[in-house]
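Participant: One file is attached below, input-v6.tsv, containing TSV, C-alpha atoms and all ligand atoms.
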chain	number	residue	atom	x	y	z
A	1	MET	CA	90.04	117.74	93.95
A	2	ILE	CA	90.83	115.68	90.87
A	3	GLU	CA	88.04	114.38	88.64
A	4	VAL	CA	88.78	111.71	86.08
A	5	VAL	CA	85.69	111.22	83.93
A	6	GLY	CA	85.40	108.42	81.38
A	7	VAL	CA	89.07	108.69	80.43
A	8	THR	CA	90.59	106.41	77.82
A	9	LYS	CA	94.14	106.69	76.49
A	10	ARG	CA	95.33	104.70	73.50
A	11	TYR	CA	98.85	104.49	72.14
A	12	GLY	CA	98.31	103.04	68.68
A	13	ASP	CA	96.31	99.88	69.28
A	14	ARG	CA	97.47	99.61	72.91
A	15	VAL	CA	94.93	100.76	75.51
A	16	ALA	CA	96.88	102.24	78.45
A	17	VAL	CA	93.80	103.60	80.28
A	18	ASP	CA	90.36	102.21	79.62
A	19	ASP	CA	87.28	104.29	80.45
A	20	ALA	CA	88.50	105.27	83.93
A	21	THR	CA	86.24	107.31	86.21
A	22	PHE	CA	87.10	108.32	89.77
A	23	THR	CA	87.39	111.36	92.03
A	24	VAL	CA	90.29	112.22	94.31
A	25	ARG	CA	88.94	114.22	97.25
A	26	PRO	CA	90.56	116.86	99.45
A	27	GLY	CA	91.52	116.04	103.03
A	28	LEU	CA	92.51	112.48	102.17
A	29	VAL	CA	95.60	110.70	100.96
A	30	THR	CA	94.38	108.69	97.99
A	31	GLY	CA	96.62	105.84	96.89
A	32	PHE	CA	96.71	104.89	93.22
A	33	LEU	CA	97.65	101.24	93.02
A	34	GLY	CA	98.18	98.82	90.21
A	35	PRO	CA	100.73	96.35	88.94
A	36	ASN	CA	103.46	97.46	86.52
A	37	GLY	CA	102.01	98.71	83.28
A	38	ALA	CA	98.50	99.14	84.72
A	39	GLY	CA	98.25	102.75	83.53
A	40	LYS	CA	99.11	104.76	86.66
A	41	SER	CA	101.77	107.00	85.16
A	42	THR	CA	99.69	107.58	82.03
A	43	THR	CA	96.72	108.67	84.16
A	44	MET	CA	98.93	110.99	86.19
A	45	ARG	CA	100.40	112.53	83.06
A	46	MET	CA	96.86	113.23	81.82
A	47	ILE	CA	95.96	114.86	85.15
A	48	LEU	CA	98.95	117.14	84.69
A	49	GLY	CA	98.14	117.98	81.09
A	50	LEU	CA	101.32	116.25	79.84
A	51	ASP	CA	99.33	113.83	77.73
A	52	ALA	CA	95.86	114.25	76.25
A	53	PRO	CA	93.11	111.67	76.80
A	54	THR	CA	91.88	109.89	73.67
A	55	ALA	CA	88.39	110.19	75.23
A	56	GLY	CA	86.97	111.66	78.43
A	57	GLU	CA	88.13	114.55	80.58
A	58	VAL	CA	90.37	115.21	83.56
A	59	ARG	CA	89.74	118.20	85.82
A	60	VAL	CA	91.92	119.52	88.64
A	61	ASN	CA	90.19	121.84	91.09
A	62	GLY	CA	87.32	122.18	88.63
A	63	LYS	CA	89.28	122.95	85.46
A	64	ARG	CA	91.54	121.21	82.99
A	65	TYR	CA	95.19	121.66	84.00
A	66	ALA	CA	95.96	123.79	80.94
A	67	ASP	CA	93.08	126.15	81.73
A	68	HIS	CA	94.53	127.24	85.07
A	69	ALA	CA	96.22	130.64	84.97
A	70	ALA	CA	98.85	129.53	87.53
A	71	PRO	CA	98.94	125.71	87.40
A	72	LEU	CA	101.89	125.34	89.82
A	73	ARG	CA	99.76	126.97	92.50
A	74	GLU	CA	96.93	124.55	91.81
A	75	VAL	CA	98.75	121.27	91.49
A	76	GLY	CA	102.26	120.19	92.39
A	77	ALA	CA	103.70	117.08	90.84
A	78	LEU	CA	106.48	114.61	91.38
A	79	LEU	CA	106.84	112.33	88.41
A	80	GLU	CA	109.19	109.43	88.01
A	81	ALA	CA	112.59	110.19	86.49
A	82	LYS	CA	112.11	113.91	86.80
A	83	ALA	CA	114.29	115.92	84.45
A	84	VAL	CA	116.56	118.20	86.45
A	85	HIS	CA	119.42	120.29	85.11
A	86	THR	CA	122.24	118.34	86.80
A	87	GLY	CA	124.76	121.19	86.66
A	88	ARG	CA	122.59	123.46	88.78
A	89	SER	CA	122.44	123.58	92.55
A	90	ALA	CA	119.21	122.50	94.24
A	91	TYR	CA	118.65	126.12	95.26
A	92	ASN	CA	119.11	127.44	91.72
A	93	HIS	CA	116.92	124.73	90.26
A	94	LEU	CA	114.08	125.71	92.58
A	95	LEU	CA	114.76	129.43	92.12
A	96	ALA	CA	114.54	129.09	88.32
A	97	LEU	CA	111.21	127.29	88.70
A	98	ALA	CA	109.93	129.90	91.15
A	99	LEU	CA	110.95	132.89	89.03
A	100	THR	CA	109.34	131.51	85.88
A	101	HIS	CA	106.07	130.95	87.76
A	102	GLY	CA	105.85	134.24	89.69
A	103	ILE	CA	106.59	132.56	93.01
A	104	PRO	CA	108.52	134.69	95.56
A	105	ARG	CA	112.17	133.85	96.31
A	106	ARG	CA	111.49	133.28	100.02
A	107	ARG	CA	109.29	130.32	99.15
A	108	VAL	CA	112.41	128.58	97.80
A	109	ASP	CA	114.01	128.78	101.24
A	110	GLU	CA	110.81	127.57	102.87
A	111	VAL	CA	110.53	124.44	100.74
A	112	ILE	CA	114.25	123.67	101.09
A	113	ASP	CA	113.78	123.61	104.86
A	114	LEU	CA	110.54	121.68	104.56
A	115	VAL	CA	112.23	118.81	102.70
A	116	GLY	CA	115.43	118.88	104.76
A	117	LEU	CA	117.86	119.85	102.00
A	118	ARG	CA	119.29	122.98	103.65
A	119	GLU	CA	122.82	121.58	104.03
A	120	VAL	CA	123.14	120.53	100.40
A	121	ALA	CA	121.06	123.29	98.81
A	122	ARG	CA	124.12	124.89	97.16
A	123	LYS	CA	125.53	121.60	95.87
A	124	ARG	CA	125.10	120.47	92.28
A	125	VAL	CA	122.09	118.26	91.73
A	126	GLY	CA	124.21	115.95	89.57
A	127	GLY	CA	125.88	114.59	92.72
A	128	PHE	CA	122.62	113.93	94.57
A	129	SER	CA	121.62	110.46	95.71
A	130	LEU	CA	118.29	109.06	94.53
A	131	GLY	CA	116.75	109.92	97.92
A	132	MET	CA	118.03	113.52	97.81
A	133	GLY	CA	116.69	113.78	94.25
A	134	GLN	CA	113.27	112.64	95.49
A	135	ARG	CA	113.34	115.28	98.24
A	136	LEU	CA	114.21	117.90	95.65
A	137	GLY	CA	111.31	116.67	93.51
A	138	VAL	CA	108.96	117.02	96.48
A	139	ALA	CA	110.33	120.54	97.11
A	140	ALA	CA	109.51	121.46	93.51
A	141	ALA	CA	106.02	120.00	93.87
A	142	LEU	CA	105.40	122.11	96.98
A	143	LEU	CA	106.88	125.31	95.56
A	144	GLY	CA	103.58	126.86	94.47
A	145	ASP	CA	101.92	125.87	97.78
A	146	PRO	CA	99.35	123.93	95.72
A	147	HIS	CA	95.96	122.62	96.85
A	148	THR	CA	96.55	119.37	95.04
A	149	LEU	CA	99.57	117.09	94.88
A	150	VAL	CA	100.21	114.30	92.42
A	151	LEU	CA	103.14	112.08	93.33
A	152	ASP	CA	104.29	109.14	91.22
A	153	GLU	CA	106.09	106.55	93.37
A	154	PRO	CA	107.32	109.19	95.86
A	155	VAL	CA	109.13	106.80	98.21
A	156	ASN	CA	111.17	105.30	95.40
A	157	GLY	CA	114.82	105.39	96.50
A	158	LEU	CA	114.13	106.74	99.98
A	159	ASP	CA	115.62	105.08	103.05
A	160	PRO	CA	113.30	104.14	105.96
A	161	GLU	CA	113.73	107.55	107.58
A	162	GLY	CA	112.86	109.20	104.25
A	163	VAL	CA	109.80	106.99	103.84
A	164	ARG	CA	108.59	108.02	107.28
A	165	TRP	CA	109.27	111.65	106.47
A	166	ILE	CA	107.16	111.46	103.28
A	167	ARG	CA	104.35	109.78	105.18
A	168	GLN	CA	104.30	112.50	107.85
A	169	LEU	CA	104.52	115.23	105.24
A	170	LEU	CA	101.54	113.82	103.31
A	171	ARG	CA	99.51	113.48	106.51
A	172	ALA	CA	100.25	117.11	107.38
A	173	LEU	CA	99.22	118.24	103.88
A	174	VAL	CA	95.85	116.50	104.00
A	175	ALA	CA	95.24	117.64	107.58
A	176	ASP	CA	95.47	121.09	106.04
A	177	GLY	CA	92.65	120.18	103.63
A	178	ARG	CA	94.76	119.49	100.54
A	179	THR	CA	94.26	116.75	97.99
A	180	VAL	CA	97.04	114.16	97.77
A	181	PHE	CA	97.15	111.50	95.06
A	182	LEU	CA	100.08	109.12	95.06
A	183	SER	CA	100.89	106.05	93.06
A	184	SER	CA	102.66	102.89	94.02
A	185	HIS	CA	102.73	99.28	93.00
A	186	LEU	CA	103.24	98.27	96.65
A	187	MET	CA	100.19	97.63	98.80
A	188	SER	CA	102.33	97.39	101.93
A	189	GLU	CA	103.37	101.02	101.53
A	190	MET	CA	99.82	102.24	100.86
A	191	GLU	CA	98.53	100.41	103.88
A	192	LEU	CA	100.48	102.82	106.07
A	193	THR	CA	99.87	106.01	104.12
A	194	ALA	CA	96.56	106.08	102.27
A	195	ASP	CA	93.01	106.78	103.50
A	196	HIS	CA	91.43	105.89	100.19
A	197	LEU	CA	92.44	103.58	97.34
A	198	VAL	CA	91.91	103.60	93.61
A	199	ILE	CA	93.18	100.36	92.10
A	200	ILE	CA	93.69	99.82	88.39
A	201	GLY	CA	94.54	96.74	86.40
A	202	LYS	CA	95.03	96.73	82.64
A	203	GLY	CA	93.93	100.36	82.49
A	204	ARG	CA	90.55	99.76	84.15
A	205	VAL	CA	89.48	100.92	87.60
A	206	ILE	CA	88.85	97.74	89.57
A	207	ALA	CA	88.40	99.24	93.04
A	208	ASP	CA	87.60	102.69	94.42
A	209	THR	CA	87.26	102.28	98.14
A	210	SER	CA	88.28	103.58	101.55
A	211	MET	CA	91.28	101.85	103.07
A	212	ALA	CA	89.09	100.87	106.03
A	213	ASP	CA	86.59	99.08	103.76
A	214	PHE	CA	89.34	97.43	101.78
A	215	THR	CA	90.95	96.16	104.97
A	216	ALA	CA	87.63	94.94	106.40
A	217	ARG	CA	86.78	93.16	103.18
A	218	PHE	CA	90.09	91.60	102.35
A	219	SER	CA	92.08	91.00	105.52
A	220	ARG	CA	89.97	87.88	106.02
A	221	LYS	CA	91.02	85.62	108.77
A	222	VAL	CA	91.65	82.02	107.94
A	223	VAL	CA	92.36	79.33	110.51
A	224	ARG	CA	94.58	76.43	109.52
A	225	VAL	CA	93.64	73.15	111.20
A	226	ARG	CA	95.42	69.81	111.03
A	227	ALA	CA	93.69	66.67	112.25
A	228	GLN	CA	93.74	62.95	111.44
A	229	GLU	CA	89.95	63.07	111.23
A	230	ALA	CA	89.88	66.14	109.00
A	231	GLY	CA	86.88	64.91	107.01
A	232	THR	CA	84.70	64.47	110.11
A	233	LEU	CA	85.80	67.82	111.49
A	234	ARG	CA	85.06	69.51	108.20
A	235	ASP	CA	81.46	68.27	108.25
A	236	LEU	CA	81.06	69.59	111.80
A	237	LEU	CA	82.46	73.03	110.94
A	238	VAL	CA	80.76	73.96	107.65
A	239	GLY	CA	77.69	76.16	107.87
A	240	PRO	CA	75.99	79.12	106.21
A	241	GLU	CA	78.70	81.57	107.38
A	242	VAL	CA	81.56	79.10	107.42
A	243	SER	CA	83.49	77.72	104.48
A	244	VAL	CA	86.20	75.09	104.67
A	245	THR	CA	88.75	74.14	102.06
A	246	ALA	CA	91.12	71.17	102.20
A	247	PRO	CA	94.33	72.07	100.36
A	248	GLU	CA	95.94	68.73	101.31
A	249	THR	CA	95.07	65.53	103.15
A	250	GLY	CA	94.61	66.15	106.86
A	251	LEU	CA	94.69	69.96	106.47
A	252	LEU	CA	91.71	72.32	106.56
A	253	GLU	CA	91.53	76.07	105.99
A	254	VAL	CA	88.51	77.51	107.76
A	255	HIS	CA	86.89	80.88	106.98
A	256	GLY	CA	84.26	82.25	109.35
A	257	LEU	CA	85.25	80.77	112.72
A	258	THR	CA	87.89	81.76	115.24
A	259	SER	CA	90.53	79.29	116.37
A	260	GLY	CA	88.81	79.22	119.79
A	261	GLU	CA	85.46	78.23	118.25
A	262	ILE	CA	87.09	75.51	116.18
A	263	GLY	CA	88.95	74.20	119.24
A	264	GLN	CA	85.68	73.96	121.19
A	265	ILE	CA	83.88	72.10	118.40
A	266	ALA	CA	86.80	69.66	118.09
A	267	CYS	CA	86.89	69.17	121.87
A	268	ARG	CA	83.13	68.54	122.16
A	269	ASN	CA	83.41	65.90	119.46
A	270	ALA	CA	86.61	64.35	120.84
A	271	ILE	CA	88.62	65.06	117.66
A	272	PRO	CA	92.33	65.49	118.44
A	273	LEU	CA	93.99	68.42	116.67
A	274	ASP	CA	97.59	68.43	115.44
A	275	GLU	CA	97.56	72.14	114.55
A	276	LEU	CA	95.29	75.15	115.07
A	277	THR	CA	96.78	78.33	113.58
A	278	PRO	CA	95.04	81.66	112.84
A	279	VAL	CA	96.44	83.14	109.60
A	280	VAL	CA	95.71	86.71	108.53
A	281	ALA	CA	95.88	87.23	104.79
A	282	SER	CA	97.95	90.32	104.10
A	283	LEU	CA	96.53	93.21	102.10
A	284	GLU	CA	99.39	92.68	99.66
A	285	GLU	CA	97.96	89.23	98.92
A	286	ALA	CA	94.47	90.69	98.56
A	287	PHE	CA	95.80	93.29	96.15
A	288	MET	CA	97.62	90.62	94.12
A	289	ASP	CA	94.46	88.52	93.96
A	290	LEU	CA	92.37	91.49	92.91
A	291	THR	CA	94.68	92.66	90.14
A	292	GLN	CA	95.27	89.08	89.00
A	293	ASP	CA	91.51	88.69	88.60
A	294	ALA	CA	91.38	91.86	86.54
A	295	VAL	CA	93.77	90.28	84.10
A	296	GLU	CA	92.15	86.84	84.15
A	297	PHE	CA	88.54	87.89	83.79
A	298	SER	CA	88.77	90.98	81.63
A	299	VAL	CA	86.86	90.25	78.46
A	300	HIS	CA	87.40	93.65	76.89
A	301	PRO	CA	88.27	92.95	73.23
A	302	ASP	CA	91.52	94.94	73.40
A	303	VAL	CA	92.70	93.04	76.42
A	304	LEU	CA	91.89	89.78	74.72
A	305	THR	CA	93.76	90.85	71.61
A	306	GLU	CA	96.76	91.76	73.70
A	307	ARG	CA	96.71	88.52	75.65
A	308	THR	CA	96.40	86.46	72.51
A	309	ALA	CA	99.21	88.39	70.89
A	310	SER	CA	101.63	87.97	73.83
A	401	LIG	N1	104.28	106.81	75.37
A	401	LIG	C1	103.81	105.57	75.28
A	401	LIG	N2	103.75	104.93	74.09
A	401	LIG	C2	103.26	103.66	74.00
A	401	LIG	N3	102.81	102.94	75.03
A	401	LIG	C3	102.86	103.52	76.26
A	401	LIG	C4	103.35	104.84	76.44
A	401	LIG	N4	103.26	105.14	77.77
A	401	LIG	C5	102.74	104.06	78.37
A	401	LIG	N5	102.50	103.08	77.46
A	401	LIG	C6	101.91	101.76	77.74
A	401	LIG	O1	100.72	101.97	78.47
A	401	LIG	C7	100.58	101.01	79.51
A	401	LIG	C8	100.47	101.69	80.85
A	401	LIG	O2	101.74	102.26	81.21
A	401	LIG	P1	101.98	103.13	82.50
A	401	LIG	O3	103.42	103.57	82.48
A	401	LIG	O4	100.95	104.18	82.60
A	401	LIG	O5	101.76	102.07	83.65
A	401	LIG	P2	102.12	102.16	85.20
A	401	LIG	O6	100.95	101.63	85.92
A	401	LIG	O7	102.58	103.54	85.53
A	401	LIG	O8	103.32	101.15	85.32
A	401	LIG	P3	104.64	101.18	86.28
A	401	LIG	O9	104.17	100.77	87.65
A	401	LIG	O10	105.49	100.13	85.63
A	401	LIG	O11	105.21	102.55	86.21
A	401	LIG	C9	101.77	100.08	79.39
A	401	LIG	O12	101.38	98.96	78.65
A	401	LIG	C10	102.78	100.91	78.65
A	401	LIG	O13	103.64	100.09	77.91
Render the structure in this file as structure tokens.
Ligand SMILES: Nc1ncnc2c1ncn2[C@@H]1O[C@H](COP(=O)(O)OP(=O)(O)OP(=O)(O)O)[C@@H](O)[C@H]1O

Facilitator:
Amino acid sequence: MIEVVGVTKRYGDRVAVDDATFTVRPGLVTGFLGPNGAGKSTTMRMILGLDAPTAGEVRVNGKRYADHAAPLREVGALLEAKAVHTGRSAYNHLLALALTHGIPRRRVDEVIDLVGLREVARKRVGGFSLGMGQRLGVAAALLGDPHTLVLDEPVNGLDPEGVRWIRQLLRALVADGRTVFLSSHLMSEMELTADHLVIIGKGRVIADTSMADFTARFSRKVVRVRAQEAGTLRDLLVGPEVSVTAPETGLLEVHGLTSGEIGQIACRNAIPLDELTPVVASLEEAFMDLTQDAVEFSVHPDVLTERTAS
């Protein structure tokens, strides 16, 4: 479990994280989403004790990271651009980590197999592809067999097979009751992996919701209708649960009715249709809208200062 309570992080006069509060629960993959510069990496660094909050507190499994006697056993992390000694082999890199954290040698072999690096384990890390480097990073994160995992953009650089592998691995970890918190700026990726979402924009939490609720709320169905008598049809369609917009002459976008219902209304009123197309808004679009709004409508003084300055 990760608890972020009223956390703010300032760098000079720049607010990277702005009074963020949320909880990451065990047994679920929680996706941490936000556009570039939203504050995801900063929040993750604070969870891992690599940066101190200006205000508020972050707890991992009930304590601050630094207060855990064996932090690698509590929380495993994969951060972007992880520093690895490039002259070492993958095996030796993991062994050095294990030995300095009181983790038995056999665990190194276990995690190497778990991430599929057995064949290259004795090769120098300097020659690794980005995808192999990511697998090595995941191996390091799993080394202490931690209850909680924090992964910053874990599929970065992975090929489709690697992406699927990460997804299955994360599912297995949460099925085992662990806490998984992973960041991305891609909604499409989260849609397939996460059970729960925390979305930030400009450092502020703008959504904390289950994926199911997010999908139900935002994957709204719109039906596109073209007709010569669009105005007449519009008057027939609008109602308390139905809204209609007209982005251009002769074209309607209808929310709240199925294409079948619209077809029947048109037929009953003898209105010929030129087009009747159901369109499902993607979650990526919903995410873009949501984070765009956070930028547009934020009236926090710091945000305003920044917007005016840029
Ligand atoms: N060490 C630092 N010094 C000054 N400003 C920083 C520092 N680290 C982050 N920032 C600023 O804080 C804000 C949040 O950055 P952060 O890297 O946390 O965002 P992010 O959501 O992880 O973005 P990305 O998706 O691009 O990785 C940005 O405006 C960034 O420029």

Participant: How would you report the residues lying within 7 Å of ligand LIG 401 (chain A), as a VMD selection string, if you count all atoms listed in the file?

Facilitator: chain A and resid 11 14 to 17 34 to 43 184 to 185 203

Participant: Okay, now the selection with C-alpha atoms, as a compact mmCIF listing (two decimals), in the frame of the given file?

Facilitator:
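Result went into again20.txt, see below:
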# COMPACT_ATOMS: atom_id res chain seq x y z
CA TYR A 11 98.85 104.49 72.14
CA ARG A 14 97.47 99.61 72.91
CA VAL A 15 94.93 100.76 75.51
CA ALA A 16 96.88 102.24 78.45
CA VAL A 17 93.80 103.60 80.28
CA GLY A 34 98.18 98.82 90.21
CA PRO A 35 100.73 96.35 88.94
CA ASN A 36 103.46 97.46 86.52
CA GLY A 37 102.01 98.71 83.28
CA ALA A 38 98.50 99.14 84.72
CA GLY A 39 98.25 102.75 83.53
CA LYS A 40 99.11 104.76 86.66
CA SER A 41 101.77 107.00 85.16
CA THR A 42 99.69 107.58 82.03
CA THR A 43 96.72 108.67 84.16
CA SER A 184 102.66 102.89 94.02
CA HIS A 185 102.73 99.28 93.00
CA GLY A 203 93.93 100.36 82.49

Participant: Might you pull out every residue within 9 Å of Val242 in chain A, with all atoms listed in the file counted and same-chain residues fewer than 6 positions away left off, and present them as a list in words?

Facilitator: Val254, His255, Gly256 and Leu257 of chain A

Participant: Measuring atom to atom with all atoms listed in the file, identify which of A:Ile262, A:Val4, A:Val60, A:Ala286 is nearest to Phe218 in chain A.

Facilitator: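 For Phe218 in chain A, the nearest of the candidates is A:Ala286.
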
Participant: Could you name the residues that touch Ile265 in chain A at 9 Å or less, counting only C-alpha atoms, but leaving out those on the same chain fewer than 4 positions away, as a list of chain:residue names?

Facilitator: A:Leu233, A:Leu236, A:Leu237, A:Gly260, A:Glu261, A:Asn269, A:Ala270, A:Ile271

Participant: Between CA of Ala90 in chain A and CA of Ala121 in chain A, measure the distance and give it in Å to one decimal.

Facilitator: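 Taking CA of Ala90 in chain A as the start and CA of Ala121 in chain A as the end point, the length is 5.0 Å.
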
Participant: Please provide the set of residues having any atom within 7 Å of range 137-147 of chain A, restricted to only C-alpha atoms, with same-chain residues fewer than 4 positions apart removed, written as a list of chain:residue names.

Facilitator: A:Leu72, A:Arg73, A:Glu74, A:Val75, A:Gly76, A:Ala77, A:Leu78, A:Leu94, A:Ile103, A:Arg107, A:Val108, A:Val111, A:Ile112, A:Val115, A:Gly133, A:Arg178, A:Thr179

Participant: If the box runs along x, y and z of the file and leaves 8 Å on each side of range 66-83 of chain A, what are its centre and edge lengths in Å, one decimal, as AutoDock Vina command-line options?

Facilitator:
--center_x 103.7 --center_y 120.0 --center_z 86.7 --size_x 37.2 --size_y 37.2 --size_z 27.6

Participant: So which residues touch Ala216 in chain A within 12 Å, counting only C-alpha atoms, skipping near sequence neighbours fewer than 4 positions away, as a list in words?

Facilitator: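 Close residues of Ala216 in chain A: Thr209, Ser210, Met211, Ala212, Arg220, Lys221, Val280, Ala281, Ser282, Leu283 and Ala286 of chain A.
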
Participant: Quick one: everything within 7 Å of Thr277 in chain A, counting only C-alpha atoms, minus sequence neighbours fewer than 3 positions away in the same chain. Send it as a list in words.

Facilitator: Val223, Arg224, Val225 and Ser259 of chain A

Participant: From the list A:Glu119, A:Asp159, A:Glu3, A:Asp208, which residue is nearest Phe32 in chain A when using all atoms listed in the file?

Facilitator: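 Of all the options, A:Asp208 lies closest to Phe32 in chain A.
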
Participant: Work out how far CA of Thr291 in chain A is from CA of Gly201 in chain A, in Å to one decimal.

Facilitator: 5.5 Å

Participant: Smallest atom-to-atom distance to Arg204 in chain A: which of A:Leu33, A:Arg25, A:Leu182, A:Ala69, using only C-alpha atoms?

Facilitator: A:Leu33

Participant: Please determine, counting all atoms listed in the file, which residue among A:Pro53, A:Gly231, A:Gly62, A:Gly31 has the shortest atom-to-atom distance to Ala207 in chain A.

Facilitator: A:Gly31

Participant: Please compute the CA of Asn61 in chain A-CA of Thr148 in chain A distance, one decimal, in Å.

Facilitator: 7.9 Å

Participant: Taking all atoms listed in the file into account, which of A:Ser89, A:Leu114, A:Leu99, A:Lys202 comes nearest Leu173 in chain A?

Facilitator: A:Leu114

Participant: Choose the residue, out of A:Gln134, A:Thr30, A:Thr21, A:Thr86, that has the smallest atom-to-atom separation from Glu191 in chain A; count all atoms listed in the file.

Facilitator: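 Nearest to Glu191 in chain A: A:Thr30.
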